[in-house]
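Undergrad: Shown below is the structure under consideration.
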Amino acid sequence: MMRRRILSSLTTPMLLLPAAGVLALMVVIPLAVLIWFSFAPDGTDAPLSLDSYQRMFETPLYFRLALKTLLTAGISAVATAALAWSPAWVLSRLAARTRNLILLAIIIPYLTSYLLLIYSIFVVLGPGSPIMALLRLLGLAAPGASILYTQAATVVMLVYENLPLMIFVLFSGMQRVDGNVLAAAGSLGAGPWRRMWYIVFPLAAPALVSGLVMVFVPMGGAFVESAILGGPNGLLLGNVIADQMTRADDPSFGSALSILLLLGTLLLTGLLAAIRPALQWLGTGRRARHAAAV
C-alpha cells in the first residue's frame with residue numbers, strides 16, 4: 001500500500017520531467033548563458049564586470065532604438081489584429097468544409113520561408129509595383145516613389161508575416177460564440193454592430209489578447225525584415241544586436257542589449273496580460289447593463 005502511494009505521488013513529477021527538461025534546455029539555459037555573457041566583456045575567463053551595461057546606459061541611442069523597436073512591434077501587432085478580425089469572424093461562421101479549405105489556403109504562405117516572403121514584399125512595394133501604381137493613381141504617391149527603405153515597409157512586412165497566425169488565434173476564440181446567442185440578440189432588436197460590440201468582442205477578447213502577445217514577441221525581436229526593407233531609417237534594436245554578435249564580435253554588449261529588449265518585451269506583454277481580465281470584466285458589465293435596460 002505504501003509503495004503504491006509513493007509511486008502515485010511520483011507519477012506527476014515523472015510526467016512533467018520531459019517538459020521541464022525541454023524548457024530548461026530551450027529557455028532557462030540559453031537565458032542564463034545570455035545573462036552571463038552580458039557581465040563578461042573581457043571574456044568568460046576574466047572577472048565579471050558591469051562595463052557593457054555602463055556603456056549601454058551612457059548612450060541614449062540604444063534606449064531610443066529600444067523604444068522605436070517596441071513601438072514598431074506594437075503598431076504592427078495592432079494592425080495585424082485589425083486586419084485579421086473580419087476574416088476570422090467570417091471563417092468562424094462558415095461551414096466546416098469551406099472553412100477548412102480557406103484555412104489551408106491561409107496557412108500555406110505561413111509555411112513558406114520567411115526570406116522568400118520578405119523578397120516577395122520587396123517586389124510588391126517597389127516603384128513599378130501595382131500597389132505603388134494604385135497609390136499614384138489615387139494621388140497618394142509621386143511618380144517613381146516607393147515605401148521601400150522606410151519604417152512603413154518594415155511594418156507592412158511584419159503584418160504580412162504574422163497575419164495568418166493572428167487569424168488562427170482569433171478564429172479559435174470566435175468559434176466559441178454561440179450562434180443561438182446572436183440570433184436571440186437579433187430577435188430582441190440588436191443590430192450587427194451592437195451584437196459585435198456587446199457579444200462577440202467580449203467573448204473573443206481573451207483570444208485577441210493572446211494573439212497580440214503571440215505576434216508582438218517575434219515582432220519585437222525581428223531584424224532581417226528591417227535590414228532588407230527598412231534601410232537606414234528602419235534600423236531596429238535587433239539589427240544592432242545582430243551586428244554586435246557577428247560583425248563587431250562583442251557578444252557581451254550584444255547580450256546586454258538583448259536583456260534590455262527582453263525586459264521591454266516582458267513589460268509590454270505583462271501589460272497586455274493585465275488587460276485580458278479587464279476586457280472580460282468590461283464585457284460582463286456591459287452585457288449586464290444592456291440586459292437591465294431591456
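Identifiers in the C-alpha cells: chain A, B, ... in order shown; residue index from 1 per chain; ligand index from 1 in order shown.
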From a backbone DSSP assignment, name each residue in stretch 32-153 of chain A labelled alpha helix (DSSP H), as number ranges by chain.

TA: A: 32-38, 51-57, 60-93, 96-110, 114-124, 130-137, 151-153

Undergrad: At a cut-off of 7 Å, using only C-alpha atoms, what residues contact stretch 78-81 of chain A? Leave out same-chain residues fewer than 6 positions from it and give the result as an MDAnalysis selection string.

TA: chainID A and resid 159 163 166

Undergrad: Which residues come within 9 Å of A:Gly128, counting only C-alpha atoms, excluding same-chain residues fewer than 6 positions away, as a PyMOL selection string?

TA: chain A and resi 144-146

Undergrad: Could you state the separation of atom CA of A:Thr150 and atom CA of A:Gly221 in Å, given to one decimal place?

TA: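 Distance between the two atoms: 17.9 Å.
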
Undergrad: So which one's closest to A:Ala153, A:Leu268, A:Ala88, A:Leu188, A:Val124? Using only C-alpha atoms, please.

TA: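 Among A:Leu268, A:Ala88, A:Leu188, A:Val124, it is A:Val124 that comes nearest to A:Ala153.
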